[in-house]
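Working notes, structure below.
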Amino acid sequence: MSAHHASTRSRDLDATFSALADPTRRAILARLARGDAIVGDLARPFSISLPAISRHLRVLERARLIERRVNAQWRICRLRPQPLRTAADWIEEYRRFWEQRLDDLAALLETPPKPERERRPRTDPQSNRKPRSKR
């Protein structure tokens, strides 16, 4: 992976996770996962203004999580799943990493301890010398 590609991927992930940090935006995405919707329908379940919903939609659009198009007087929103797949793939890498580490720890903790060998006093290389005679 080139440095440019890694930097772009990092920026895309930052935008995705930033957009997902808000519960209203996550609810909008959940609604769009069921199919395209007009802005008015997306705004209906929330007790916030239409301009506030539009700001949320702009954040989602900048993160490339949705696309908007105009059809006559309707503004139709559609989910773009690729950024979510990219985020899920990134999370999956770390899930596998930590799952392996936790499996290794569990195996270590489940392994019965080895019986301790009788401990012999350590011999000091100096102690192999013959004792000096007292004068």
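Chain lettering (A, B, ...) mirrors the order of the structure tokens, residue numbering begins at 1 for each chain separately, and ligand numbering begins at 1 in order of display.
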
Once DSSP has gone over the backbone, tell me which residues of chain A are in helix (DSSP H, G or I), as a PDB file with N, CA and C atoms, in the first residue's frame.
ATOM      1  N   ALA A   3       2.035   5.219   0.427  1.00  0.00           N
ATOM      2  CA  ALA A   3       1.821   6.177   1.507  1.00  0.00           C
ATOM      3  C   ALA A   3       0.597   7.043   1.221  1.00  0.00           C
ATOM      4  N   HIS A   4       0.419   7.409  -0.049  1.00  0.00           N
ATOM      5  CA  HIS A   4      -0.751   8.220  -0.428  1.00  0.00           C
ATOM      6  C   HIS A   4      -2.041   7.448  -0.182  1.00  0.00           C
ATOM      7  N   HIS A   5      -2.053   6.166  -0.593  1.00  0.00           N
ATOM      8  CA  HIS A   5      -3.243   5.337  -0.411  1.00  0.00           C
ATOM      9  C   HIS A   5      -3.546   5.151   1.077  1.00  0.00           C
ATOM     10  N   ALA A   6      -2.512   4.923   1.876  1.00  0.00           N
ATOM     11  CA  ALA A   6      -2.698   4.748   3.325  1.00  0.00           C
ATOM     12  C   ALA A   6      -3.238   6.027   3.947  1.00  0.00           C
ATOM     13  N   SER A   7      -2.732   7.178   3.503  1.00  0.00           N
ATOM     14  CA  SER A   7      -3.185   8.460   4.021  1.00  0.00           C
ATOM     15  C   SER A   7      -4.649   8.708   3.641  1.00  0.00           C
ATOM     16  N   THR A   8      -5.003   8.392   2.404  1.00  0.00           N
ATOM     17  CA  THR A   8      -6.386   8.550   1.949  1.00  0.00           C
ATOM     18  C   THR A   8      -7.309   7.623   2.729  1.00  0.00           C
ATOM     19  N   ARG A   9      -6.871   6.379   2.903  1.00  0.00           N
ATOM     20  CA  ARG A   9      -7.683   5.416   3.658  1.00  0.00           C
ATOM     21  C   ARG A   9      -7.878   5.902   5.092  1.00  0.00           C
ATOM     22  N   SER A  10      -6.827   6.445   5.679  1.00  0.00           N
ATOM     23  CA  SER A  10      -6.915   6.954   7.044  1.00  0.00           C
ATOM     24  C   SER A  10      -7.904   8.120   7.130  1.00  0.00           C
ATOM     25  N   ARG A  11      -7.833   9.048   6.165  1.00  0.00           N
ATOM     26  CA  ARG A  11      -8.775  10.182   6.149  1.00  0.00           C
ATOM     27  C   ARG A  11     -10.210   9.692   5.964  1.00  0.00           C
ATOM     28  N   ASP A  12     -10.397   8.720   5.075  1.00  0.00           N
ATOM     29  CA  ASP A  12     -11.738   8.174   4.847  1.00  0.00           C
ATOM     30  C   ASP A  12     -12.286   7.519   6.117  1.00  0.00           C
ATOM     31  N   LEU A  13     -11.434   6.754   6.809  1.00  0.00           N
ATOM     32  CA  LEU A  13     -11.864   6.123   8.061  1.00  0.00           C
ATOM     33  C   LEU A  13     -12.188   7.175   9.117  1.00  0.00           C
ATOM     34  N   ASP A  14     -11.359   8.219   9.194  1.00  0.00           N
ATOM     35  CA  ASP A  14     -11.632   9.302  10.144  1.00  0.00           C
ATOM     36  C   ASP A  14     -13.005   9.913   9.873  1.00  0.00           C
ATOM     37  N   ALA A  15     -13.296  10.192   8.605  1.00  0.00           N
ATOM     38  CA  ALA A  15     -14.587  10.795   8.244  1.00  0.00           C
ATOM     39  C   ALA A  15     -15.736   9.843   8.563  1.00  0.00           C
ATOM     40  N   THR A  16     -15.545   8.566   8.274  1.00  0.00           N
ATOM     41  CA  THR A  16     -16.603   7.575   8.545  1.00  0.00           C
ATOM     42  C   THR A  16     -16.884   7.491  10.033  1.00  0.00           C
ATOM     43  N   PHE A  17     -15.836   7.299  10.850  1.00  0.00           N
ATOM     44  CA  PHE A  17     -16.052   7.154  12.289  1.00  0.00           C
ATOM     45  C   PHE A  17     -16.574   8.442  12.915  1.00  0.00           C
ATOM     46  N   SER A  18     -16.133   9.581  12.408  1.00  0.00           N
ATOM     47  CA  SER A  18     -16.646  10.855  12.905  1.00  0.00           C
ATOM     48  C   SER A  18     -18.147  10.973  12.614  1.00  0.00           C
ATOM     49  N   ALA A  19     -18.545  10.607  11.407  1.00  0.00           N
ATOM     50  CA  ALA A  19     -19.965  10.661  11.046  1.00  0.00           C
ATOM     51  C   ALA A  19     -20.784   9.682  11.876  1.00  0.00           C
ATOM     52  N   LEU A  20     -20.212   8.507  12.144  1.00  0.00           N
ATOM     53  CA  LEU A  20     -20.930   7.484  12.918  1.00  0.00           C
ATOM     54  C   LEU A  20     -21.007   7.807  14.409  1.00  0.00           C
ATOM     55  N   PRO A  23     -25.593   9.771  17.214  1.00  0.00           N
ATOM     56  CA  PRO A  23     -26.728   8.828  17.168  1.00  0.00           C
ATOM     57  C   PRO A  23     -27.785   9.183  16.115  1.00  0.00           C
ATOM     58  N   THR A  24     -27.974  10.470  15.854  1.00  0.00           N
ATOM     59  CA  THR A  24     -28.945  10.865  14.819  1.00  0.00           C
ATOM     60  C   THR A  24     -28.478  10.379  13.453  1.00  0.00           C
ATOM     61  N   ARG A  25     -27.196  10.562  13.169  1.00  0.00           N
ATOM     62  CA  ARG A  25     -26.669  10.116  11.875  1.00  0.00           C
ATOM     63  C   ARG A  25     -26.716   8.593  11.759  1.00  0.00           C
ATOM     64  N   ARG A  26     -26.438   7.888  12.862  1.00  0.00           N
ATOM     65  CA  ARG A  26     -26.542   6.423  12.805  1.00  0.00           C
ATOM     66  C   ARG A  26     -27.983   5.994  12.542  1.00  0.00           C
ATOM     67  N   ALA A  27     -28.930   6.694  13.127  1.00  0.00           N
ATOM     68  CA  ALA A  27     -30.349   6.367  12.895  1.00  0.00           C
ATOM     69  C   ALA A  27     -30.729   6.646  11.438  1.00  0.00           C
ATOM     70  N   ILE A  28     -30.219   7.724  10.875  1.00  0.00           N
ATOM     71  CA  ILE A  28     -30.483   8.032   9.460  1.00  0.00           C
ATOM     72  C   ILE A  28     -29.931   6.915   8.584  1.00  0.00           C
ATOM     73  N   LEU A  29     -28.700   6.477   8.866  1.00  0.00           N
ATOM     74  CA  LEU A  29     -28.108   5.380   8.082  1.00  0.00           C
ATOM     75  C   LEU A  29     -28.913   4.091   8.231  1.00  0.00           C
ATOM     76  N   ALA A  30     -29.381   3.825   9.436  1.00  0.00           N
ATOM     77  CA  ALA A  30     -30.201   2.617   9.658  1.00  0.00           C
ATOM     78  C   ALA A  30     -31.468   2.687   8.816  1.00  0.00           C
ATOM     79  N   ARG A  31     -32.076   3.873   8.734  1.00  0.00           N
ATOM     80  CA  ARG A  31     -33.275   4.025   7.900  1.00  0.00           C
ATOM     81  C   ARG A  31     -32.941   3.831   6.429  1.00  0.00           C
ATOM     82  N   LEU A  32     -31.819   4.396   5.979  1.00  0.00           N
ATOM     83  CA  LEU A  32     -31.437   4.274   4.577  1.00  0.00           C
ATOM     84  C   LEU A  32     -31.003   2.848   4.218  1.00  0.00           C
ATOM     85  N   VAL A  39     -35.719  13.498   2.101  1.00  0.00           N
ATOM     86  CA  VAL A  39     -35.244  14.184   3.299  1.00  0.00           C
ATOM     87  C   VAL A  39     -36.365  14.346   4.331  1.00  0.00           C
ATOM     88  N   GLY A  40     -37.551  14.707   3.892  1.00  0.00           N
ATOM     89  CA  GLY A  40     -38.675  14.881   4.822  1.00  0.00           C
ATOM     90  C   GLY A  40     -38.972  13.612   5.606  1.00  0.00           C
ATOM     91  N   ASP A  41     -38.928  12.459   4.927  1.00  0.00           N
ATOM     92  CA  ASP A  41     -39.167  11.186   5.620  1.00  0.00           C
ATOM     93  C   ASP A  41     -38.053  10.873   6.611  1.00  0.00           C
ATOM     94  N   LEU A  42     -36.822  11.240   6.248  1.00  0.00           N
ATOM     95  CA  LEU A  42     -35.706  11.011   7.169  1.00  0.00           C
ATOM     96  C   LEU A  42     -35.829  11.891   8.413  1.00  0.00           C
ATOM     97  N   ALA A  43     -36.360  13.101   8.237  1.00  0.00           N
ATOM     98  CA  ALA A  43     -36.475  14.048   9.352  1.00  0.00           C
ATOM     99  C   ALA A  43     -37.621  13.705  10.299  1.00  0.00           C
ATOM    100  N   LEU A  50     -35.566  20.849  10.238  1.00  0.00           N
ATOM    101  CA  LEU A  50     -35.134  20.377   8.923  1.00  0.00           C
ATOM    102  C   LEU A  50     -33.716  20.874   8.588  1.00  0.00           C
ATOM    103  N   PRO A  51     -33.367  22.140   8.926  1.00  0.00           N
ATOM    104  CA  PRO A  51     -31.976  22.568   8.695  1.00  0.00           C
ATOM    105  C   PRO A  51     -30.967  21.722   9.493  1.00  0.00           C
ATOM    106  N   ALA A  52     -31.322  21.299  10.703  1.00  0.00           N
ATOM    107  CA  ALA A  52     -30.423  20.447  11.494  1.00  0.00           C
ATOM    108  C   ALA A  52     -30.256  19.087  10.812  1.00  0.00           C
ATOM    109  N   ILE A  53     -31.349  18.544  10.282  1.00  0.00           N
ATOM    110  CA  ILE A  53     -31.259  17.271   9.542  1.00  0.00           C
ATOM    111  C   ILE A  53     -30.364  17.462   8.316  1.00  0.00           C
ATOM    112  N   SER A  54     -30.520  18.591   7.638  1.00  0.00           N
ATOM    113  CA  SER A  54     -29.689  18.864   6.459  1.00  0.00           C
ATOM    114  C   SER A  54     -28.211  18.915   6.820  1.00  0.00           C
ATOM    115  N   ARG A  55     -27.888  19.477   7.986  1.00  0.00           N
ATOM    116  CA  ARG A  55     -26.486  19.498   8.415  1.00  0.00           C
ATOM    117  C   ARG A  55     -25.978  18.076   8.653  1.00  0.00           C
ATOM    118  N   HIS A  56     -26.801  17.249   9.283  1.00  0.00           N
ATOM    119  CA  HIS A  56     -26.418  15.844   9.484  1.00  0.00           C
ATOM    120  C   HIS A  56     -26.204  15.148   8.132  1.00  0.00           C
ATOM    121  N   LEU A  57     -27.081  15.420   7.193  1.00  0.00           N
ATOM    122  CA  LEU A  57     -26.946  14.807   5.865  1.00  0.00           C
ATOM    123  C   LEU A  57     -25.674  15.265   5.165  1.00  0.00           C
ATOM    124  N   ARG A  58     -25.301  16.537   5.353  1.00  0.00           N
ATOM    125  CA  ARG A  58     -24.050  17.016   4.757  1.00  0.00           C
ATOM    126  C   ARG A  58     -22.841  16.290   5.336  1.00  0.00           C
ATOM    127  N   VAL A  59     -22.866  16.048   6.644  1.00  0.00           N
ATOM    128  CA  VAL A  59     -21.758  15.302   7.269  1.00  0.00           C
ATOM    129  C   VAL A  59     -21.686  13.902   6.675  1.00  0.00           C
ATOM    130  N   LEU A  60     -22.834  13.246   6.558  1.00  0.00           N
ATOM    131  CA  LEU A  60     -22.873  11.898   5.987  1.00  0.00           C
ATOM    132  C   LEU A  60     -22.426  11.897   4.531  1.00  0.00           C
ATOM    133  N   GLU A  61     -22.807  12.943   3.809  1.00  0.00           N
ATOM    134  CA  GLU A  61     -22.424  13.038   2.401  1.00  0.00           C
ATOM    135  C   GLU A  61     -20.918  13.289   2.263  1.00  0.00           C
ATOM    136  N   ARG A  62     -20.360  14.171   3.114  1.00  0.00           N
ATOM    137  CA  ARG A  62     -18.916  14.415   3.079  1.00  0.00           C
ATOM    138  C   ARG A  62     -18.118  13.165   3.416  1.00  0.00           C
ATOM    139  N   GLN A  82     -19.981   1.292   0.735  1.00  0.00           N
ATOM    140  CA  GLN A  82     -18.540   1.022   0.679  1.00  0.00           C
ATOM    141  C   GLN A  82     -17.758   1.583   1.866  1.00  0.00           C
ATOM    142  N   PRO A  83     -17.979   2.830   2.280  1.00  0.00           N
ATOM    143  CA  PRO A  83     -17.220   3.314   3.448  1.00  0.00           C
ATOM    144  C   PRO A  83     -17.504   2.493   4.712  1.00  0.00           C
ATOM    145  N   LEU A  84     -18.718   2.004   4.849  1.00  0.00           N
ATOM    146  CA  LEU A  84     -19.034   1.146   6.004  1.00  0.00           C
ATOM    147  C   LEU A  84     -18.302  -0.190   5.900  1.00  0.00           C
ATOM    148  N   ARG A  85     -18.196  -0.720   4.690  1.00  0.00           N
ATOM    149  CA  ARG A  85     -17.432  -1.965   4.500  1.00  0.00           C
ATOM    150  C   ARG A  85     -15.962  -1.751   4.842  1.00  0.00           C
ATOM    151  N   THR A  86     -15.417  -0.623   4.407  1.00  0.00           N
ATOM    152  CA  THR A  86     -14.015  -0.311   4.698  1.00  0.00           C
ATOM    153  C   THR A  86     -13.796  -0.218   6.212  1.00  0.00           C
ATOM    154  N   ALA A  87     -14.704   0.449   6.915  1.00  0.00           N
ATOM    155  CA  ALA A  87     -14.602   0.557   8.379  1.00  0.00           C
ATOM    156  C   ALA A  87     -14.749  -0.821   9.029  1.00  0.00           C
ATOM    157  N   ALA A  88     -15.685  -1.622   8.529  1.00  0.00           N
ATOM    158  CA  ALA A  88     -15.883  -2.970   9.078  1.00  0.00           C
ATOM    159  C   ALA A  88     -14.643  -3.835   8.854  1.00  0.00           C
ATOM    160  N   ASP A  89     -14.013  -3.699   7.694  1.00  0.00           N
ATOM    161  CA  ASP A  89     -12.776  -4.450   7.417  1.00  0.00           C
ATOM    162  C   ASP A  89     -11.667  -4.028   8.371  1.00  0.00           C
ATOM    163  N   TRP A  90     -11.551  -2.731   8.617  1.00  0.00           N
ATOM    164  CA  TRP A  90     -10.537  -2.226   9.539  1.00  0.00           C
ATOM    165  C   TRP A  90     -10.775  -2.778  10.945  1.00  0.00           C
ATOM    166  N   ILE A  91     -12.020  -2.740  11.381  1.00  0.00           N
ATOM    167  CA  ILE A  91     -12.366  -3.271  12.711  1.00  0.00           C
ATOM    168  C   ILE A  91     -12.094  -4.769  12.764  1.00  0.00           C
ATOM    169  N   GLU A  92     -12.395  -5.481  11.689  1.00  0.00           N
ATOM    170  CA  GLU A  92     -12.183  -6.932  11.638  1.00  0.00           C
ATOM    171  C   GLU A  92     -10.710  -7.293  11.813  1.00  0.00           C
ATOM    172  N   GLU A  93      -9.815  -6.497  11.230  1.00  0.00           N
ATOM    173  CA  GLU A  93      -8.383  -6.752  11.407  1.00  0.00           C
ATOM    174  C   GLU A  93      -8.020  -6.745  12.890  1.00  0.00           C
ATOM    175  N   TYR A  94      -8.527  -5.758  13.618  1.00  0.00           N
ATOM    176  CA  TYR A  94      -8.211  -5.646  15.039  1.00  0.00           C
ATOM    177  C   TYR A  94      -8.969  -6.674  15.864  1.00  0.00           C
ATOM    178  N   ARG A  95     -10.163  -7.046  15.434  1.00  0.00           N
ATOM    179  CA  ARG A  95     -10.900  -8.090  16.148  1.00  0.00           C
ATOM    180  C   ARG A  95     -10.112  -9.393  16.087  1.00  0.00           C
ATOM    181  N   ARG A  96      -9.612  -9.740  14.893  1.00  0.00           N
ATOM    182  CA  ARG A  96      -8.818 -10.977  14.758  1.00  0.00           C
ATOM    183  C   ARG A  96      -7.550 -10.910  15.596  1.00  0.00           C
ATOM    184  N   PHE A  97      -6.886  -9.754  15.569  1.00  0.00           N
ATOM    185  CA  PHE A  97      -5.667  -9.565  16.351  1.00  0.00           C
ATOM    186  C   PHE A  97      -5.940  -9.815  17.835  1.00  0.00           C
ATOM    187  N   TRP A  98      -6.954  -9.130  18.372  1.00  0.00           N
ATOM    188  CA  TRP A  98      -7.226  -9.254  19.801  1.00  0.00           C
ATOM    189  C   TRP A  98      -7.810 -10.611  20.147  1.00  0.00           C
ATOM    190  N   GLU A  99      -8.581 -11.186  19.269  1.00  0.00           N
ATOM    191  CA  GLU A  99      -9.119 -12.522  19.526  1.00  0.00           C
ATOM    192  C   GLU A  99      -7.984 -13.528  19.665  1.00  0.00           C
ATOM    193  N   GLN A 100      -6.984 -13.435  18.790  1.00  0.00           N
ATOM    194  CA  GLN A 100      -5.832 -14.337  18.867  1.00  0.00           C
ATOM    195  C   GLN A 100      -5.073 -14.121  20.175  1.00  0.00           C
ATOM    196  N   ARG A 101      -4.869 -12.853  20.537  1.00  0.00           N
ATOM    197  CA  ARG A 101      -4.148 -12.576  21.783  1.00  0.00           C
ATOM    198  C   ARG A 101      -4.912 -13.117  22.988  1.00  0.00           C
ATOM    199  N   LEU A 102      -6.219 -12.957  23.007  1.00  0.00           N
ATOM    200  CA  LEU A 102      -7.020 -13.460  24.119  1.00  0.00           C
ATOM    201  C   LEU A 102      -7.052 -14.989  24.141  1.00  0.00           C
ATOM    202  N   ASP A 103      -7.088 -15.617  22.953  1.00  0.00           N
ATOM    203  CA  ASP A 103      -7.004 -17.082  22.892  1.00  0.00           C
ATOM    204  C   ASP A 103      -5.667 -17.562  23.447  1.00  0.00           C
ATOM    205  N   ASP A 104      -4.580 -16.870  23.094  1.00  0.00           N
ATOM    206  CA  ASP A 104      -3.254 -17.228  23.608  1.00  0.00           C
ATOM    207  C   ASP A 104      -3.214 -17.090  25.130  1.00  0.00           C
ATOM    208  N   LEU A 105      -3.792 -16.016  25.648  1.00  0.00           N
ATOM    209  CA  LEU A 105      -3.821 -15.805  27.090  1.00  0.00           C
ATOM    210  C   LEU A 105      -4.651 -16.889  27.775  1.00  0.00           C
ATOM    211  N   ALA A 106      -5.803 -17.218  27.206  1.00  0.00           N
ATOM    212  CA  ALA A 106      -6.651 -18.265  27.784  1.00  0.00           C
ATOM    213  C   ALA A 106      -5.914 -19.599  27.820  1.00  0.00           C
ATOM    214  N   ALA A 107      -5.220 -19.927  26.732  1.00  0.00           N
ATOM    215  CA  ALA A 107      -4.462 -21.181  26.693  1.00  0.00           C
ATOM    216  C   ALA A 107      -3.378 -21.179  27.764  1.00  0.00           C
ATOM    217  N   LEU A 108      -2.720 -20.069  27.945  1.00  0.00           N
ATOM    218  CA  LEU A 108      -1.679 -19.967  28.966  1.00  0.00           C
ATOM    219  C   LEU A 108      -2.265 -20.144  30.361  1.00  0.00           C
ATOM    220  N   LEU A 109      -3.403 -19.512  30.598  1.00  0.00           N
ATOM    221  CA  LEU A 109      -4.028 -19.604  31.919  1.00  0.00           C
ATOM    222  C   LEU A 109      -4.613 -20.988  32.196  1.00  0.00           C
ATOM    223  N   GLU A 110      -5.003 -21.698  31.153  1.00  0.00           N
ATOM    224  CA  GLU A 110      -5.586 -23.034  31.321  1.00  0.00           C
ATOM    225  C   GLU A 110      -4.535 -24.128  31.414  1.00  0.00           C
ATOM    226  N   PRO A 125      31.111 -20.532  40.722  1.00  0.00           N
ATOM    227  CA  PRO A 125      32.348 -21.037  40.129  1.00  0.00           C
ATOM    228  C   PRO A 125      33.538 -20.856  41.074  1.00  0.00           C
ATOM    229  N   GLN A 126      33.472 -19.872  41.907  1.00  0.00           N
ATOM    230  CA  GLN A 126      34.549 -19.641  42.871  1.00  0.00           C
ATOM    231  C   GLN A 126      34.563 -20.727  43.944  1.00  0.00           C
ATOM    232  N   SER A 127      33.409 -21.346  44.189  1.00  0.00           N
ATOM    233  CA  SER A 127      33.327 -22.323  45.273  1.00  0.00           C
ATOM    234  C   SER A 127      33.982 -23.650  44.918  1.00  0.00           C
ATOM    235  N   ASN A 128      34.312 -23.872  43.676  1.00  0.00           N
ATOM    236  CA  ASN A 128      34.979 -25.111  43.279  1.00  0.00           C
ATOM    237  C   ASN A 128      36.461 -25.114  43.662  1.00  0.00           C
TER     238      ASN A 128
END

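Pairwise distance (CA of Ser47 in chain A, CA of Asn71 in chain A) equals 25.8 Å.
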
Q: Just list the residues in chain A DSSP gives strand (DSSP E) on the backbone, as a ChimeraX atom specification.
A: /A:37-38,66-71,74-79

(Q) Can you measure CA of Leu65 in chain A to CA of Arg34 in chain A for me? One decimal in Å is fine. (A) 14.3 Å

Q. For the atom pair CA of Ala72 in chain A and CA of Phe46 in chain A, what is the interatomic distance in Å to one decimal place?
A. 24.7 Å
